[in-house]
file entry.pdb (PDB, C-alpha atoms, pLDDT in the B column)
ATOM      1  CA  MET A   1       0.000   0.000   0.000  1.00 64.00           C
ATOM      2  CA  PRO A   2       1.469   3.381  -0.971  1.00 79.00           C
ATOM      3  CA  ARG A   3       2.640   5.479   1.964  1.00 91.00           C
ATOM      4  CA  ILE A   4       2.464   8.807   0.132  1.00 92.00           C
ATOM      5  CA  PRO A   5      -0.849   9.720  -1.489  1.00 92.00           C
ATOM      6  CA  ALA A   6      -0.874  10.284  -5.238  1.00 91.00           C
ATOM      7  CA  LEU A   7      -1.829  13.827  -6.147  1.00 93.00           C
ATOM      8  CA  SER A   8      -4.467  14.379  -8.784  1.00 92.00           C
ATOM      9  CA  ARG A   9      -3.684  17.106 -11.278  1.00 94.00           C
ATOM     10  CA  ASP A  10      -6.334  19.296  -9.599  1.00 96.00           C
ATOM     11  CA  GLU A  11      -4.514  19.030  -6.253  1.00 96.00           C
ATOM     12  CA  MET A  12      -1.233  20.280  -7.749  1.00 95.00           C
ATOM     13  CA  ASP A  13       0.067  23.830  -7.846  1.00 96.00           C
ATOM     14  CA  ALA A  14       0.945  25.470 -11.164  1.00 97.00           C
ATOM     15  CA  GLU A  15       4.554  24.200 -11.217  1.00 96.00           C
ATOM     16  CA  GLN A  16       3.490  20.643 -10.408  1.00 95.00           C
ATOM     17  CA  GLN A  17       0.796  20.809 -13.105  1.00 95.00           C
ATOM     18  CA  LYS A  18       3.351  22.012 -15.658  1.00 95.00           C
ATOM     19  CA  VAL A  19       5.628  19.029 -14.996  1.00 94.00           C
ATOM     20  CA  TYR A  20       2.639  16.697 -14.832  1.00 92.00           C
ATOM     21  CA  ASP A  21       1.457  17.890 -18.261  1.00 94.00           C
ATOM     22  CA  GLU A  22       4.978  17.551 -19.724  1.00 93.00           C
ATOM     23  CA  THR A  23       5.234  14.037 -18.307  1.00 91.00           C
ATOM     24  CA  VAL A  24       1.862  12.964 -19.691  1.00 91.00           C
ATOM     25  CA  ALA A  25       2.787  14.385 -23.094  1.00 91.00           C
ATOM     26  CA  THR A  26       6.149  12.612 -23.277  1.00 88.00           C
ATOM     27  CA  THR A  27       5.751   9.368 -21.323  1.00 83.00           C
ATOM     28  CA  GLY A  28       2.168   8.997 -20.203  1.00 79.00           C
ATOM     29  CA  ARG A  29       3.503   7.584 -16.922  1.00 76.00           C
ATOM     30  CA  VAL A  30       2.153   9.542 -13.981  1.00 81.00           C
ATOM     31  CA  GLY A  31       0.392   8.768 -10.750  1.00 74.00           C
ATOM     32  CA  ARG A  32       2.034   5.451  -9.920  1.00 81.00           C
ATOM     33  CA  GLY A  33       5.328   4.082  -8.701  1.00 90.00           C
ATOM     34  CA  PRO A  34       8.033   6.620  -7.900  1.00 92.00           C
ATOM     35  CA  SER A  35       6.227   9.398  -9.788  1.00 90.00           C
ATOM     36  CA  VAL A  36       3.880   9.647  -6.804  1.00 91.00           C
ATOM     37  CA  GLY A  37       6.804  11.042  -4.797  1.00 94.00           C
ATOM     38  CA  TYR A  38       8.298  13.105  -7.625  1.00 94.00           C
ATOM     39  CA  ALA A  39       5.008  15.005  -7.948  1.00 93.00           C
ATOM     40  CA  TYR A  40       5.722  16.579  -4.546  1.00 95.00           C
ATOM     41  CA  SER A  41       9.039  17.976  -5.853  1.00 96.00           C
ATOM     42  CA  PRO A  42       8.397  19.248  -9.382  1.00 95.00           C
ATOM     43  CA  GLY A  43      11.985  20.418  -9.943  1.00 96.00           C
ATOM     44  CA  LEU A  44      13.293  16.977  -9.065  1.00 96.00           C
ATOM     45  CA  TRP A  45      10.567  15.383 -11.187  1.00 94.00           C
ATOM     46  CA  GLN A  46      11.575  17.491 -14.182  1.00 94.00           C
ATOM     47  CA  VAL A  47      15.285  16.692 -13.799  1.00 95.00           C
ATOM     48  CA  HIS A  48      14.507  13.009 -13.334  1.00 94.00           C
ATOM     49  CA  ASN A  49      12.397  13.004 -16.500  1.00 93.00           C
ATOM     50  CA  ALA A  50      15.275  14.618 -18.415  1.00 94.00           C
ATOM     51  CA  SER A  51      17.619  11.941 -17.091  1.00 95.00           C
ATOM     52  CA  SER A  52      15.159   9.242 -18.211  1.00 93.00           C
ATOM     53  CA  ALA A  53      15.032  10.773 -21.681  1.00 93.00           C
ATOM     54  CA  HIS A  54      18.836  10.823 -21.893  1.00 95.00           C
ATOM     55  CA  LEU A  55      19.049   7.142 -21.016  1.00 95.00           C
ATOM     56  CA  LEU A  56      16.794   6.274 -23.950  1.00 93.00           C
ATOM     57  CA  ASN A  57      19.460   7.581 -26.328  1.00 94.00           C
ATOM     58  CA  CYS A  58      22.802   7.350 -24.545  1.00 97.00           C
ATOM     59  CA  SER A  59      26.030   5.577 -25.475  1.00 98.00           C
ATOM     60  CA  LEU A  60      24.847   2.324 -23.869  1.00 98.00           C
ATOM     61  CA  THR A  61      22.613  -0.094 -25.738  1.00 98.00           C
ATOM     62  CA  PRO A  62      19.036  -0.403 -24.457  1.00 98.00           C
ATOM     63  CA  ALA A  63      19.938  -3.840 -23.086  1.00 98.00           C
ATOM     64  CA  GLN A  64      22.964  -2.436 -21.237  1.00 98.00           C
ATOM     65  CA  VAL A  65      20.837   0.312 -19.669  1.00 98.00           C
ATOM     66  CA  ARG A  66      18.376  -2.330 -18.451  1.00 98.00           C
ATOM     67  CA  ILE A  67      21.122  -4.604 -17.093  1.00 98.00           C
ATOM     68  CA  VAL A  68      22.461  -1.726 -14.977  1.00 98.00           C
ATOM     69  CA  SER A  69      18.967  -0.582 -13.967  1.00 98.00           C
ATOM     70  CA  LEU A  70      18.123  -4.103 -12.780  1.00 98.00           C
ATOM     71  CA  MET A  71      21.366  -4.328 -10.822  1.00 98.00           C
ATOM     72  CA  THR A  72      20.593  -0.990  -9.165  1.00 98.00           C
ATOM     73  CA  ALA A  73      17.009  -1.932  -8.297  1.00 98.00           C
ATOM     74  CA  ARG A  74      18.325  -5.232  -6.890  1.00 98.00           C
ATOM     75  CA  HIS A  75      20.980  -3.376  -4.865  1.00 98.00           C
ATOM     76  CA  TRP A  76      18.370  -1.075  -3.286  1.00 98.00           C
ATOM     77  CA  ASN A  77      15.794  -3.880  -2.799  1.00 97.00           C
ATOM     78  CA  ALA A  78      13.273  -1.895  -4.813  1.00 97.00           C
ATOM     79  CA  ALA A  79      10.400  -4.151  -5.867  1.00 97.00           C
ATOM     80  CA  TYR A  80       8.471  -1.731  -8.101  1.00 96.00           C
ATOM     81  CA  PRO A  81      11.469  -0.608 -10.194  1.00 96.00           C
ATOM     82  CA  TRP A  82      12.680  -4.212 -10.378  1.00 97.00           C
ATOM     83  CA  SER A  83       9.439  -5.380 -11.957  1.00 97.00           C
ATOM     84  CA  ALA A  84       9.193  -2.368 -14.279  1.00 95.00           C
ATOM     85  CA  GLN A  85      12.800  -2.741 -15.416  1.00 97.00           C
ATOM     86  CA  ALA A  86      12.426  -6.505 -15.893  1.00 97.00           C
ATOM     87  CA  ALA A  87       9.600  -5.834 -18.355  1.00 96.00           C
ATOM     88  CA  MET A  88      11.682  -3.210 -20.149  1.00 96.00           C
ATOM     89  CA  ALA A  89      14.724  -5.509 -20.161  1.00 98.00           C
ATOM     90  CA  LEU A  90      12.745  -8.263 -21.856  1.00 98.00           C
ATOM     91  CA  SER A  91      11.579  -5.732 -24.464  1.00 97.00           C
ATOM     92  CA  ALA A  92      15.206  -4.666 -24.983  1.00 97.00           C
ATOM     93  CA  GLY A  93      16.254  -8.254 -25.677  1.00 97.00           C
ATOM     94  CA  VAL A  94      17.769  -9.159 -22.312  1.00 97.00           C
ATOM     95  CA  ASP A  95      17.386 -12.884 -21.763  1.00 95.00           C
ATOM     96  CA  ARG A  96      15.067 -13.948 -18.924  1.00 97.00           C
ATOM     97  CA  ALA A  97      17.846 -16.164 -17.501  1.00 97.00           C
ATOM     98  CA  MET A  98      20.104 -13.098 -17.241  1.00 97.00           C
ATOM     99  CA  ILE A  99      17.351 -11.144 -15.466  1.00 98.00           C
ATOM    100  CA  GLU A 100      16.818 -13.928 -12.955  1.00 97.00           C
ATOM    101  CA  ALA A 101      20.576 -14.366 -12.420  1.00 98.00           C
ATOM    102  CA  ILE A 102      20.809 -10.673 -11.499  1.00 98.00           C
ATOM    103  CA  ASN A 103      17.788 -11.113  -9.225  1.00 97.00           C
ATOM    104  CA  ALA A 104      19.490 -14.025  -7.463  1.00 97.00           C
ATOM    105  CA  GLY A 105      22.778 -12.119  -7.129  1.00 95.00           C
ATOM    106  CA  GLU A 106      24.514 -14.562  -9.456  1.00 96.00           C
ATOM    107  CA  GLN A 107      26.888 -13.912 -12.358  1.00 96.00           C
ATOM    108  CA  PRO A 108      24.912 -13.969 -15.615  1.00 97.00           C
ATOM    109  CA  LYS A 109      26.339 -15.683 -18.680  1.00 96.00           C
ATOM    110  CA  PHE A 110      27.303 -13.131 -21.323  1.00 96.00           C
ATOM    111  CA  THR A 111      27.999 -13.607 -25.013  1.00 95.00           C
ATOM    112  CA  ASP A 112      28.958  -9.959 -25.564  1.00 96.00           C
ATOM    113  CA  SER A 113      32.160  -8.589 -23.992  1.00 97.00           C
ATOM    114  CA  ALA A 114      30.801  -5.028 -23.759  1.00 98.00           C
ATOM    115  CA  ASP A 115      27.655  -6.233 -21.946  1.00 98.00           C
ATOM    116  CA  GLU A 116      29.829  -8.224 -19.567  1.00 98.00           C
ATOM    117  CA  MET A 117      32.068  -5.210 -18.903  1.00 98.00           C
ATOM    118  CA  VAL A 118      29.054  -2.977 -18.241  1.00 98.00           C
ATOM    119  CA  HIS A 119      27.875  -5.578 -15.712  1.00 98.00           C
ATOM    120  CA  THR A 120      31.341  -5.797 -14.129  1.00 98.00           C
ATOM    121  CA  VAL A 121      31.591  -2.006 -13.805  1.00 98.00           C
ATOM    122  CA  ALA A 122      28.096  -1.704 -12.321  1.00 98.00           C
ATOM    123  CA  ARG A 123      28.702  -4.565  -9.897  1.00 98.00           C
ATOM    124  CA  GLU A 124      31.909  -3.004  -8.573  1.00 98.00           C
ATOM    125  CA  LEU A 125      30.455   0.509  -8.407  1.00 98.00           C
ATOM    126  CA  LEU A 126      27.403  -0.704  -6.486  1.00 98.00           C
ATOM    127  CA  ALA A 127      29.560  -2.764  -4.111  1.00 98.00           C
ATOM    128  CA  THR A 128      32.347  -0.254  -3.445  1.00 98.00           C
ATOM    129  CA  GLY A 129      31.384   3.140  -4.864  1.00 98.00           C
ATOM    130  CA  THR A 130      34.442   3.187  -7.138  1.00 98.00           C
ATOM    131  CA  LEU A 131      36.472   1.067  -9.546  1.00 98.00           C
ATOM    132  CA  SER A 132      39.717  -0.726  -8.882  1.00 98.00           C
ATOM    133  CA  ASP A 133      42.566   0.191 -11.226  1.00 98.00           C
ATOM    134  CA  ASP A 134      42.249  -3.185 -12.977  1.00 98.00           C
ATOM    135  CA  VAL A 135      38.510  -2.845 -13.652  1.00 98.00           C
ATOM    136  CA  PHE A 136      38.965   0.787 -14.727  1.00 98.00           C
ATOM    137  CA  LYS A 137      41.664  -0.178 -17.241  1.00 98.00           C
ATOM    138  CA  ALA A 138      39.567  -3.043 -18.582  1.00 98.00           C
ATOM    139  CA  ALA A 139      36.536  -0.752 -18.892  1.00 98.00           C
ATOM    140  CA  GLU A 140      38.608   1.956 -20.546  1.00 98.00           C
ATOM    141  CA  SER A 141      39.667  -0.432 -23.301  1.00 98.00           C
ATOM    142  CA  THR A 142      36.401  -2.382 -23.621  1.00 98.00           C
ATOM    143  CA  ILE A 143      33.651   0.233 -23.366  1.00 98.00           C
ATOM    144  CA  GLY A 144      35.447   3.603 -23.353  1.00 98.00           C
ATOM    145  CA  TYR A 145      34.879   6.723 -21.310  1.00 98.00           C
ATOM    146  CA  GLY A 146      31.462   7.643 -22.713  1.00 98.00           C
ATOM    147  CA  ARG A 147      29.842   4.346 -21.824  1.00 98.00           C
ATOM    148  CA  LEU A 148      31.667   4.309 -18.498  1.00 98.00           C
ATOM    149  CA  ALA A 149      30.165   7.720 -17.690  1.00 98.00           C
ATOM    150  CA  ASP A 150      26.718   6.527 -18.767  1.00 98.00           C
ATOM    151  CA  VAL A 151      26.956   3.461 -16.493  1.00 98.00           C
ATOM    152  CA  VAL A 152      27.512   5.861 -13.592  1.00 98.00           C
ATOM    153  CA  GLY A 153      24.548   7.914 -14.795  1.00 98.00           C
ATOM    154  CA  VAL A 154      22.255   4.881 -15.018  1.00 98.00           C
ATOM    155  CA  ILE A 155      23.197   3.857 -11.480  1.00 98.00           C
ATOM    156  CA  GLY A 156      22.548   7.362 -10.170  1.00 98.00           C
ATOM    157  CA  HIS A 157      19.238   7.637 -11.993  1.00 98.00           C
ATOM    158  CA  PHE A 158      17.948   4.274 -10.835  1.00 98.00           C
ATOM    159  CA  ALA A 159      19.265   4.712  -7.286  1.00 98.00           C
ATOM    160  CA  THR A 160      16.985   7.747  -7.079  1.00 97.00           C
ATOM    161  CA  THR A 161      14.142   5.807  -8.688  1.00 96.00           C
ATOM    162  CA  ALA A 162      14.619   2.862  -6.341  1.00 97.00           C
ATOM    163  CA  MET A 163      14.778   4.933  -3.179  1.00 97.00           C
ATOM    164  CA  MET A 164      11.781   7.051  -4.211  1.00 96.00           C
ATOM    165  CA  ALA A 165       9.755   3.908  -4.952  1.00 96.00           C
ATOM    166  CA  ASN A 166      10.746   2.445  -1.587  1.00 96.00           C
ATOM    167  CA  VAL A 167       9.862   5.634   0.317  1.00 97.00           C
ATOM    168  CA  VAL A 168       6.544   5.971  -1.519  1.00 95.00           C
ATOM    169  CA  GLY A 169       5.739   2.305  -0.884  1.00 94.00           C
ATOM    170  CA  ALA A 170       5.201   1.508  -4.566  1.00 93.00           C
ATOM    171  CA  GLU A 171       4.178  -2.076  -5.197  1.00 92.00           C
ATOM    172  CA  PRO A 172       4.789  -3.980  -8.428  1.00 94.00           C
ATOM    173  CA  PRO A 173       1.812  -4.831 -10.600  1.00 89.00           C
ATOM    174  CA  LYS A 174       0.237  -8.264 -10.254  1.00 93.00           C
ATOM    175  CA  ASP A 175       1.156  -9.140 -13.858  1.00 92.00           C
ATOM    176  CA  ALA A 176       4.869  -8.232 -13.654  1.00 92.00           C
ATOM    177  CA  PRO A 177       7.197 -10.565 -15.584  1.00 92.00           C
ATOM    178  CA  SER A 178       9.578 -10.832 -12.605  1.00 94.00           C
ATOM    179  CA  TYR A 179       9.404 -10.055  -8.906  1.00 93.00           C
ATOM    180  CA  LEU A 180      12.300  -9.051  -6.701  1.00 94.00           C
ATOM    181  CA  LYS A 181      13.577 -11.903  -4.568  1.00 92.00           C
ATOM    182  CA  ARG A 182      13.725 -10.971  -0.911  1.00 83.00           C
TER     183      ARG A 182
END

call {"tool": "encode", "arguments": {"input": "entry.pdb", "output": "structure tokens"}}
result
Amino acid sequence: MPRIPALSRDEMDAEQQKVYDETVATTGRVGRGPSVGYAYSPGLWQVHNASSAHLLNCSLTPAQVRIVSLMTARHWNAAYPWSAQAAMALSAGVDRAMIEAINAGEQPKFTDSADEMVHTVARELLATGTLSDDVFKAAESTIGYGRLADVVGVIGHFATTAMMANVVGAEPPKDAPSYLKR
């Protein structure tokens, strides 16, 4: 059960309504999950939406974005983002076995070296907050600085998403393709 009430558009002030209208026009996703909390901070909501838009067209592949987003949701024990990102990962071509390996905290099997490096970088960043010299050098040569920066961005974006969903008390839908293992 959500802990923060969802605001209707009529309950919002002018700034909240502006961001609400922009969100409806671009994504159609309002009034559920973490957006319930973002509605109370329209500046944050707007910045978060811009970050979401960037991730749709960044240097990472859609599958790589979803791998990192799943790892971040798993790290923060965020059930709603986990289920939402699992659905998006499947749509981006991420194998269900890989999704469930991440859910179980296991090493997925990769066929693509860049995907594996993105996973390695995200795993180390989430565990330690930085990269060892060896992982940095491997990432530098395998994925380059642009994708390395975008991995950090995906983690930051989905850490915010995960924590907001947890604070709000967002629950995954009953028909989610995967549920976070507790």

call {"tool": "closest_residue", "arguments": {"input": "entry.pdb", "among": "A:Asn103, A:Ser178, A:Ser113, A:Asn166", "to": "Gly37 of chain A", "atoms": "all atoms listed in the file"}}
result
A:Asn166

call {"tool": "closest_residue", "arguments": {"input": "entry.pdb", "among": "A:Ala97, A:Ile143, A:Val24, A:Ala39", "to": "Ile4 of chain A", "atoms": "all atoms listed in the file"}}
result
A:Ala39

call {"tool": "resolve_selection", "arguments": {"input": "entry.pdb", "expression": "the PyMOL selection byres ((chain A and resi 153) around 10)", "output": "list of chain:residue names"}}
result
A:Ser51, A:His54, A:Leu55, A:Cys58, A:Val65, A:Val68, A:Arg147, A:Leu148, A:Ala149, A:Asp150, A:Val151, A:Val152, A:Val154, A:Ile155, A:Gly156, A:His157, A:Phe158, A:Ala159

call {"tool": "resolve_selection", "arguments": {"input": "entry.pdb", "expression": "the PyMOL selection byres ((chain A and resi 72-82) around 8)", "output": "PDB file with C-alpha atoms, in the frame of the given file"}}
result
ATOM      1  CA  GLY A  33       5.328   4.082  -8.701  1.00 90.00           C
ATOM      2  CA  VAL A  68      22.461  -1.726 -14.977  1.00 98.00           C
ATOM      3  CA  SER A  69      18.967  -0.582 -13.967  1.00 98.00           C
ATOM      4  CA  LEU A  70      18.123  -4.103 -12.780  1.00 98.00           C
ATOM      5  CA  MET A  71      21.366  -4.328 -10.822  1.00 98.00           C
ATOM      6  CA  SER A  83       9.439  -5.380 -11.957  1.00 97.00           C
ATOM      7  CA  ALA A  84       9.193  -2.368 -14.279  1.00 95.00           C
ATOM      8  CA  GLN A  85      12.800  -2.741 -15.416  1.00 97.00           C
ATOM      9  CA  ALA A  86      12.426  -6.505 -15.893  1.00 97.00           C
ATOM     10  CA  ILE A 102      20.809 -10.673 -11.499  1.00 98.00           C
ATOM     11  CA  ASN A 103      17.788 -11.113  -9.225  1.00 97.00           C
ATOM     12  CA  LEU A 126      27.403  -0.704  -6.486  1.00 98.00           C
ATOM     13  CA  ILE A 155      23.197   3.857 -11.480  1.00 98.00           C
ATOM     14  CA  PHE A 158      17.948   4.274 -10.835  1.00 98.00           C
ATOM     15  CA  ALA A 159      19.265   4.712  -7.286  1.00 98.00           C
ATOM     16  CA  THR A 161      14.142   5.807  -8.688  1.00 96.00           C
ATOM     17  CA  ALA A 162      14.619   2.862  -6.341  1.00 97.00           C
ATOM     18  CA  MET A 163      14.778   4.933  -3.179  1.00 97.00           C
ATOM     19  CA  ALA A 165       9.755   3.908  -4.952  1.00 96.00           C
ATOM     20  CA  ASN A 166      10.746   2.445  -1.587  1.00 96.00           C
ATOM     21  CA  ALA A 170       5.201   1.508  -4.566  1.00 93.00           C
ATOM     22  CA  GLU A 171       4.178  -2.076  -5.197  1.00 92.00           C
ATOM     23  CA  PRO A 172       4.789  -3.980  -8.428  1.00 94.00           C
ATOM     24  CA  PRO A 173       1.812  -4.831 -10.600  1.00 89.00           C
ATOM     25  CA  SER A 178       9.578 -10.832 -12.605  1.00 94.00           C
ATOM     26  CA  TYR A 179       9.404 -10.055  -8.906  1.00 93.00           C
ATOM     27  CA  LEU A 180      12.300  -9.051  -6.701  1.00 94.00           C
ATOM     28  CA  ARG A 182      13.725 -10.971  -0.911  1.00 83.00           C
TER      29      ARG A 182
END

call {"tool": "closest_residue", "arguments": {"input": "entry.pdb", "among": "A:Thr160, A:Asn49, A:Ser41, A:Ser8", "to": "Glu22 of chain A", "atoms": "only C-alpha atoms"}}
result
A:Asn49

call {"tool": "residues_around", "arguments": {"input": "entry.pdb", "residues": "Asp112 of chain A", "least_positions_apart": "4", "cutoff": "12 Å", "atoms": "all atoms listed in the file", "output": "MDAnalysis selection string"}}
result
chainID A and resid 61 63:64 94 108 116:119 142:143

call {"tool": "atom_distance", "arguments": {"input": "entry.pdb", "atom1": "atom CA of Ala92 of chain A", "atom2": "atom CA of Ala114 of chain A"}}
result
15.6 Å

call {"tool": "closest_residue", "arguments": {"input": "entry.pdb", "among": "A:Ala25, A:Ala87, A:Gly146, A:Lys174", "to": "Arg66 of chain A", "atoms": "all atoms listed in the file"}}
result
A:Ala87

call {"tool": "atom_distance", "arguments": {"input": "entry.pdb", "atom1": "atom CA of Ala122 of chain A", "atom2": "atom CA of Ala139 of chain A"}}
result
10.7 Å

call {"tool": "atom_distance", "arguments": {"input": "entry.pdb", "atom1": "atom CA of Met88 of chain A", "atom2": "atom CA of Leu56 of chain A"}}
result
11.4 Å

call {"tool": "closest_residue", "arguments": {"input": "entry.pdb", "among": "A:Met12, A:Leu60, A:Ile99, A:Val36", "to": "Gly169 of chain A", "atoms": "all atoms listed in the file"}}
result
A:Val36
